[in-house]
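Below is my_file19.tsv, holding TSV, C-alpha atoms.
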chain	number	residue	atom	x	y	z
A	1	MET	CA	87.50	152.25	134.70
A	2	PHE	CA	85.59	154.15	131.99
A	3	GLN	CA	81.80	154.27	132.25
A	4	PHE	CA	79.72	154.50	129.07
A	5	ARG	CA	75.94	154.67	128.84
A	6	GLN	CA	75.39	150.93	128.34
A	7	PHE	CA	78.68	149.29	129.35
A	8	THR	CA	81.79	149.74	131.47
A	9	ILE	CA	85.40	149.44	130.32
A	10	GLU	CA	88.05	148.19	132.71
A	11	GLN	CA	91.51	148.76	131.28
A	12	GLN	CA	94.21	147.92	133.83
A	13	HIS	CA	95.53	144.96	131.80
A	14	CYS	CA	95.74	146.87	128.49
A	15	ALA	CA	98.66	148.93	127.24
A	16	MET	CA	96.38	151.24	125.26
A	17	LYS	CA	93.71	152.89	127.34
A	18	VAL	CA	90.33	154.23	126.24
A	19	GLY	CA	90.85	157.28	124.06
A	20	THR	CA	89.10	159.55	121.61
A	21	ASP	CA	90.41	157.62	118.59
A	22	GLY	CA	88.69	154.40	119.56
A	23	VAL	CA	85.44	156.11	120.51
A	24	LEU	CA	85.31	158.03	117.24
A	25	LEU	CA	86.04	154.93	115.17
A	26	GLY	CA	83.50	152.81	117.03
A	27	ALA	CA	80.82	155.47	116.51
A	28	TRP	CA	81.71	156.22	112.87
A	29	ALA	CA	82.52	152.84	111.28
A	30	CYS	CA	79.90	151.05	109.24
A	31	GLY	CA	78.84	147.72	110.72
A	32	GLY	CA	76.62	144.91	109.56
A	33	SER	CA	75.46	141.43	110.45
A	34	CYS	CA	78.98	140.00	110.79
A	35	MET	CA	81.75	142.33	112.04
A	36	LEU	CA	85.44	141.96	112.88
A	37	ASP	CA	87.30	144.20	115.36
A	38	VAL	CA	91.05	143.88	114.76
A	39	GLY	CA	93.33	144.55	117.74
A	40	THR	CA	90.40	144.89	120.09
A	41	GLY	CA	92.38	145.96	123.19
A	42	THR	CA	89.83	146.69	125.91
A	43	GLY	CA	86.99	145.63	123.60
A	44	ILE	CA	85.55	149.13	123.40
A	45	ILE	CA	85.04	149.19	119.61
A	46	ALA	CA	83.50	145.70	119.60
A	47	LEU	CA	81.04	146.76	122.30
A	48	MET	CA	80.18	149.99	120.50
A	49	LEU	CA	79.47	148.05	117.31
A	50	ALA	CA	77.31	145.58	119.23
A	51	GLN	CA	75.34	148.47	120.73
A	52	ARG	CA	74.87	150.13	117.35
A	53	TYR	CA	73.96	146.92	115.50
A	54	PRO	CA	71.85	144.84	117.92
A	55	ASP	CA	71.15	142.15	115.31
A	56	GLY	CA	74.82	141.79	114.37
A	57	ARG	CA	77.63	139.65	115.72
A	58	VAL	CA	81.14	140.91	116.43
A	59	THR	CA	84.36	138.88	116.49
A	60	ALA	CA	87.13	140.69	118.36
A	61	VAL	CA	90.74	139.51	117.92
A	62	ASP	CA	93.94	140.53	119.66
A	63	MET	CA	97.40	138.96	119.86
A	64	ASP	CA	98.09	140.24	123.39
A	65	GLU	CA	96.99	137.86	126.14
A	66	GLY	CA	96.34	140.63	128.66
A	67	ALA	CA	94.15	142.52	126.21
A	68	VAL	CA	92.17	139.37	125.39
A	69	ARG	CA	91.57	138.74	129.09
A	70	GLN	CA	90.52	142.37	129.64
A	71	ALA	CA	88.22	142.47	126.61
A	72	THR	CA	86.62	139.18	127.60
A	73	GLU	CA	85.89	140.48	131.10
A	74	ASN	CA	84.41	143.71	129.70
A	75	VAL	CA	82.22	141.80	127.25
A	76	VAL	CA	80.97	139.32	129.87
A	77	ARG	CA	79.90	142.18	132.16
A	78	SER	CA	78.12	144.02	129.33
A	79	PRO	CA	74.59	143.60	127.95
A	80	PHE	CA	76.18	142.44	124.67
A	81	SER	CA	77.92	139.23	125.76
A	82	ARG	CA	75.88	137.09	123.37
A	83	GLN	CA	76.87	139.26	120.41
A	84	VAL	CA	80.62	139.51	120.94
A	85	THR	CA	83.25	136.75	120.75
A	86	VAL	CA	86.84	137.55	121.81
A	87	LEU	CA	89.70	135.46	120.37
A	88	HIS	CA	93.42	135.31	121.21
A	89	GLU	CA	94.53	135.45	117.61
A	90	THR	CA	96.35	137.59	115.07
A	91	LEU	CA	94.67	139.02	112.00
A	92	GLN	CA	97.13	137.02	109.90
A	93	GLN	CA	95.89	133.77	111.46
A	94	HIS	CA	92.20	134.57	111.42
A	95	GLN	CA	89.71	132.93	109.07
A	96	GLY	CA	86.20	134.07	108.24
A	97	LEU	CA	84.10	136.36	106.07
A	98	TYR	CA	82.82	139.73	107.30
A	99	ASP	CA	80.71	142.55	105.93
A	100	ALA	CA	82.50	145.06	108.18
A	101	ILE	CA	86.09	145.14	109.46
A	102	VAL	CA	87.19	147.83	111.91
A	103	CYS	CA	90.72	148.53	113.15
A	104	ASN	CA	92.37	151.17	115.29
A	105	PRO	CA	95.82	150.07	114.14
A	106	PRO	CA	99.27	150.48	115.67
A	107	PHE	CA	100.57	153.53	113.86
A	108	PHE	CA	104.16	154.41	114.78
A	109	MET	CA	106.51	153.15	112.06
A	110	ASP	CA	109.76	155.08	112.26
A	111	SER	CA	109.94	156.23	115.88
A	112	LEU	CA	111.80	154.72	118.83
A	113	GLN	CA	109.79	151.94	120.43
A	114	ALA	CA	108.60	152.11	124.02
A	115	PRO	CA	110.63	149.89	126.38
A	116	ASP	CA	107.47	148.17	127.64
A	117	ARG	CA	106.81	145.22	125.29
A	118	GLN	CA	103.02	145.33	125.63
A	119	ARG	CA	102.85	149.07	124.95
A	120	ALA	CA	105.28	148.81	122.04
A	121	MET	CA	103.15	146.08	120.49
A	122	ALA	CA	100.01	148.21	120.78
A	123	ARG	CA	101.57	151.40	119.43
A	124	HIS	CA	104.13	150.35	116.80
A	125	ALA	CA	103.28	148.82	113.43
A	126	THR	CA	105.71	145.91	113.65
A	127	THR	CA	103.31	143.06	114.43
A	128	LEU	CA	100.59	144.49	112.15
A	129	THR	CA	101.92	146.64	109.33
A	130	TYR	CA	99.60	148.66	107.14
A	131	ALA	CA	100.42	146.27	104.29
A	132	ASP	CA	99.43	143.26	106.42
A	133	LEU	CA	96.24	144.98	107.55
A	134	MET	CA	95.16	145.72	104.00
A	135	ARG	CA	96.11	142.34	102.58
A	136	HIS	CA	94.30	140.33	105.22
A	137	ALA	CA	91.32	142.69	105.43
A	138	CYS	CA	90.88	142.20	101.69
A	139	ARG	CA	90.98	138.43	102.23
A	140	LEU	CA	88.40	138.50	105.03
A	141	LEU	CA	86.03	141.18	103.70
A	142	SER	CA	82.90	140.27	101.77
A	143	ASP	CA	82.49	141.61	98.26
A	144	ASP	CA	80.26	144.49	99.37
A	145	GLY	CA	81.81	145.00	102.82
A	146	GLU	CA	83.70	147.98	104.22
A	147	LEU	CA	86.98	148.35	106.12
A	148	SER	CA	87.22	151.31	108.53
A	149	VAL	CA	90.36	152.65	110.27
A	150	ILE	CA	91.67	155.74	112.05
A	151	VAL	CA	95.19	157.11	111.48
A	152	PRO	CA	97.24	160.20	112.42
A	153	PHE	CA	97.13	162.91	109.76
A	154	ASP	CA	100.69	162.23	108.58
A	155	TYR	CA	100.03	158.50	108.06
A	156	ARG	CA	96.97	158.92	105.86
A	157	LYS	CA	98.89	158.60	102.57
A	158	ARG	CA	100.70	155.46	103.72
A	159	MET	CA	97.40	153.79	104.60
A	160	GLU	CA	95.74	154.86	101.36
A	161	ASP	CA	98.75	153.70	99.31
A	162	GLU	CA	98.62	150.23	100.90
A	163	ALA	CA	94.86	150.10	100.31
A	164	THR	CA	95.32	150.95	96.64
A	165	PHE	CA	98.03	148.30	96.30
A	166	VAL	CA	95.63	145.47	97.27
A	167	GLY	CA	92.77	146.86	95.18
A	168	PHE	CA	90.71	148.79	97.72
A	169	PHE	CA	88.91	152.02	96.84
A	170	PRO	CA	88.28	154.88	99.31
A	171	SER	CA	84.60	155.19	100.22
A	172	ARG	CA	84.56	157.66	103.13
A	173	VAL	CA	87.06	160.15	104.56
A	174	CYS	CA	86.48	162.16	107.73
A	175	ALA	CA	89.02	164.71	108.92
A	176	VAL	CA	89.21	165.01	112.73
A	177	CYS	CA	90.25	168.42	114.07
A	178	THR	CA	90.98	169.23	117.69
A	179	VAL	CA	90.47	172.99	117.29
A	180	PRO	CA	88.21	174.85	114.82
A	181	GLY	CA	90.16	176.24	111.88
A	182	LYS	CA	93.27	174.15	112.54
A	183	PRO	CA	94.52	171.31	110.28
A	184	PRO	CA	93.22	167.79	111.02
A	185	ARG	CA	95.13	165.64	113.53
A	186	ARG	CA	93.45	162.34	112.60
A	187	TYR	CA	91.61	160.82	109.65
A	188	LEU	CA	88.82	158.28	109.73
A	189	LEU	CA	89.09	156.26	106.51
A	190	SER	CA	86.88	153.61	104.93
A	191	PHE	CA	87.60	151.37	101.95
A	192	ARG	CA	85.62	149.05	99.69
A	193	LYS	CA	86.49	146.50	97.02
A	194	HIS	CA	84.72	148.33	94.20
A	195	PRO	CA	84.76	151.96	93.01
A	196	CYS	CA	82.15	154.13	94.70
A	197	PRO	CA	81.49	157.84	95.29
A	198	ARG	CA	83.78	159.06	98.06
A	199	HIS	CA	82.02	160.88	100.90
A	200	THR	CA	84.13	163.48	102.73
A	201	ASP	CA	83.40	165.07	106.07
A	202	THR	CA	85.02	166.95	108.98
A	203	ILE	CA	84.55	166.61	112.74
A	204	THR	CA	85.93	169.00	115.34
A	205	LEU	CA	86.15	167.60	118.85
A	206	GLY	CA	83.36	169.08	120.94
A	207	ASP	CA	81.27	170.43	118.06
A	208	ALA	CA	77.67	169.48	117.28
A	209	HIS	CA	78.70	166.81	114.79
A	210	TYR	CA	80.98	165.20	117.36
A	211	HIS	CA	78.27	165.17	120.03
A	212	GLN	CA	75.75	163.76	117.57
A	213	LEU	CA	78.15	160.96	116.64
A	214	THR	CA	79.17	160.00	120.18
A	215	GLY	CA	76.05	160.99	122.13
A	216	ASN	CA	74.71	157.45	122.49
A	217	PHE	CA	77.89	156.38	124.29
A	218	TYR	CA	79.22	159.11	126.57
A	219	ILE	CA	77.36	159.77	129.80

Could you rewrite the structure in this file as structure tokens?
Amino acid sequence: MFQFRQFTIEQQHCAMKVGTDGVLLGAWACGGSCMLDVGTGTGIIALMLAQRYPDGRVTAVDMDEGAVRQATENVVRSPFSRQVTVLHETLQQHQGLYDAIVCNPPFFMDSLQAPDRQRAMARHATTLTYADLMRHACRLLSDDGELSVIVPFDYRKRMEDEATFVGFFPSRVCAVCTVPGKPPRRYLLSFRKHPCPRHTDTITLGDAHYHQLTGNFYI
């Protein structure tokens, strides 16, 4: 169990547990009136978006049955149950139109897969490749909407290349460092359908910027 200020996350049925990546993305991503959380897992990002945008609605999709059950339970027990809908569905199947799409995607592409099927599905980009993510996000995103993701530092170029291929433009880039003065270990990336000034930023875990971003969630 992971206790946040306004909701609790149970995670025993999910391969991917609550981690810094999801919390950062949920706190950093732009939302709106109609939001889509792709690969919701425990439902943490969907609940963070619901907390940040009280007048918005969030659709959370996941292809793993255990994750859908876990996310549904977490949503039902939260103060945001009327805002969040959890669906057992893939991004490829999903239909709709959203002004914000958020995804903490599976990121391993070339490494040996974990023997556990559920964990392999959550961690390896075989069921949701970067190309699939970009193509279907472009299909589902409104004309002025924004797609937000988080990736390891060495996968940034792959994600940006796939975004460019479908016609997305980078709108925000935030480097995430674990130690001051060291190279970034993650990147928060946002994309839009039209050219726009690109805003760049850096967060170091534990610094003032990090606490400002996540302070409404951590106890």

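The space separating CA of Lys193 in chain A from CA of Glu146 in chain A comes to 7.9 Å.
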
### CA of Thr214 in chain A to CA of Gly96 in chain A, straight-line distance in Å
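Pair CA of Gly96 in chain A / CA of Thr214 in chain A returns 29.4 Å.
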
### Query
How far is it from CA of Val176 in chain A to CA of His136 in chain A, in Å with one decimal?
26.3 Å

### Task
Kindly indicate which residue among A:Leu97, A:Ile203, A:Val61, A:Val173 lies nearest to Asp143 in chain A, using all atoms listed in the file for the distances.
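Looking at the shortest contact to Asp143 in chain A, the residue is A:Leu97.
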
### Query
Need the neighbours of (74.2, 156.3, 127.2): which residues are at most 9 Å away, counting only C-alpha atoms, as an MDAnalysis selection string?
chainID A and resid 4:7 215:219

#### Entry: Residue nearest Pro195 in chain A among A:Lys182, A:Pro170, A:Val86, A:Val151 (counting all atoms listed in the file)
A:Pro170

Contacts between range 62-80 of chain A and range 32-58 of chain A, please, where a residue of range 32-58 of chain A counts if it comes within 10 Å (with all atoms listed in the file); show its shortest atom pair and distance in Å to one decimal, rows by chain and ascending number, as CSV.
residue,atom,partner,partner_atom,distance
A:Asp37,CA,A:Asp62,CA,8.7
A:Val38,CA,A:Asp62,CA,6.6
A:Gly39,CA,A:Asp62,CA,4.5
A:Thr40,CA,A:Asp62,CA,5.6
A:Gly41,CA,A:Ala67,CA,4.9
A:Thr42,CA,A:Ala71,CA,4.6
A:Gly43,CA,A:Ala71,CA,4.5
A:Ile44,CA,A:Ala71,CA,7.9
A:Ala46,CA,A:Val75,CA,8.7
A:Leu47,CA,A:Phe80,CA,6.9
A:Met48,CA,A:Phe80,CA,9.5
A:Leu49,CA,A:Phe80,CA,9.8
A:Ala50,CA,A:Phe80,CA,6.4
A:Gln51,CA,A:Phe80,CA,7.3
A:Pro54,CA,A:Phe80,CA,8.4
A:Arg57,CA,A:Phe80,CA,9.5
A:Val58,CA,A:Phe80,CA,9.7

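Closest to Pro152 in chain A among A:Leu189, A:Ala131, A:Cys138, A:Leu87 is A:Leu189, based on only C-alpha atoms.
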
### Task
Considering all atoms listed in the file, state which residue in the set A:Ala137, A:Ile45, A:Ala163, A:Cys174 is at the smallest distance from Leu25 in chain A.
A:Ile45

File for range 134-153 of chain A (N, CA, C and O atoms), as a tab-separated table (two decimals), in the first residue's frame:
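What follows is the written file decode.tsv:
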chain	number	residue	atom	x	y	z
A	134	MET	N	2.70	6.65	-30.50
A	134	MET	CA	2.61	7.92	-31.21
A	134	MET	C	1.49	7.94	-32.24
A	134	MET	O	0.74	8.91	-32.37
A	135	ARG	N	1.36	6.85	-32.98
A	135	ARG	CA	0.34	6.80	-34.02
A	135	ARG	C	-1.07	6.91	-33.44
A	135	ARG	O	-1.91	7.68	-33.92
A	136	HIS	N	-1.33	6.17	-32.38
A	136	HIS	CA	-2.67	6.18	-31.81
A	136	HIS	C	-2.92	7.40	-30.93
A	136	HIS	O	-4.06	7.88	-30.85
A	137	ALA	N	-1.89	7.92	-30.30
A	137	ALA	CA	-2.04	9.18	-29.56
A	137	ALA	C	-2.41	10.30	-30.53
A	137	ALA	O	-3.27	11.15	-30.22
A	138	CYS	N	-1.79	10.31	-31.70
A	138	CYS	CA	-2.10	11.33	-32.70
A	138	CYS	C	-3.56	11.20	-33.15
A	138	CYS	O	-4.24	12.20	-33.36
A	139	ARG	N	-4.03	9.98	-33.27
A	139	ARG	CA	-5.42	9.72	-33.67
A	139	ARG	C	-6.41	10.20	-32.61
A	139	ARG	O	-7.50	10.71	-32.94
A	140	LEU	N	-6.07	10.05	-31.34
A	140	LEU	CA	-6.99	10.31	-30.24
A	140	LEU	C	-6.88	11.72	-29.67
A	140	LEU	O	-7.74	12.13	-28.88
A	141	LEU	N	-5.83	12.44	-30.02
A	141	LEU	CA	-5.56	13.75	-29.42
A	141	LEU	C	-6.27	14.85	-30.20
A	141	LEU	O	-6.25	14.88	-31.43
A	142	SER	N	-6.88	15.77	-29.46
A	142	SER	CA	-7.53	16.92	-30.10
A	142	SER	C	-6.47	17.81	-30.76
A	142	SER	O	-5.27	17.69	-30.49
A	143	ASP	N	-6.93	18.71	-31.59
A	143	ASP	CA	-6.01	19.52	-32.39
A	143	ASP	C	-5.07	20.36	-31.54
A	143	ASP	O	-3.93	20.60	-31.90
A	144	ASP	N	-5.55	20.81	-30.37
A	144	ASP	CA	-4.73	21.64	-29.50
A	144	ASP	C	-4.32	20.90	-28.22
A	144	ASP	O	-3.92	21.52	-27.24
A	145	GLY	N	-4.42	19.57	-28.24
A	145	GLY	CA	-4.09	18.78	-27.05
A	145	GLY	C	-2.59	18.52	-26.91
A	145	GLY	O	-1.79	18.90	-27.77
A	146	GLU	N	-2.23	17.84	-25.82
A	146	GLU	CA	-0.82	17.55	-25.55
A	146	GLU	C	-0.66	16.12	-25.05
A	146	GLU	O	-1.43	15.64	-24.22
A	147	LEU	N	0.35	15.43	-25.59
A	147	LEU	CA	0.75	14.10	-25.16
A	147	LEU	C	1.96	14.23	-24.25
A	147	LEU	O	2.94	14.90	-24.60
A	148	SER	N	1.94	13.57	-23.09
A	148	SER	CA	3.06	13.62	-22.15
A	148	SER	C	3.52	12.21	-21.80
A	148	SER	O	2.68	11.34	-21.53
A	149	VAL	N	4.85	12.00	-21.78
A	149	VAL	CA	5.43	10.69	-21.48
A	149	VAL	C	6.68	10.87	-20.62
A	149	VAL	O	7.19	11.99	-20.49
A	150	ILE	N	7.17	9.75	-20.06
A	150	ILE	CA	8.47	9.74	-19.39
A	150	ILE	C	9.26	8.56	-19.93
A	150	ILE	O	8.71	7.47	-20.12
A	151	VAL	N	10.55	8.79	-20.21
A	151	VAL	CA	11.39	7.73	-20.78
A	151	VAL	C	12.78	7.77	-20.14
A	151	VAL	O	13.23	8.83	-19.67
A	152	PRO	N	13.49	6.63	-20.12
A	152	PRO	CA	14.89	6.64	-19.70
A	152	PRO	C	15.71	7.53	-20.63
A	152	PRO	O	15.35	7.71	-21.81
A	153	PHE	N	16.82	8.06	-20.13
A	153	PHE	CA	17.61	9.02	-20.90
A	153	PHE	C	18.04	8.47	-22.26
A	153	PHE	O	18.08	9.20	-23.26
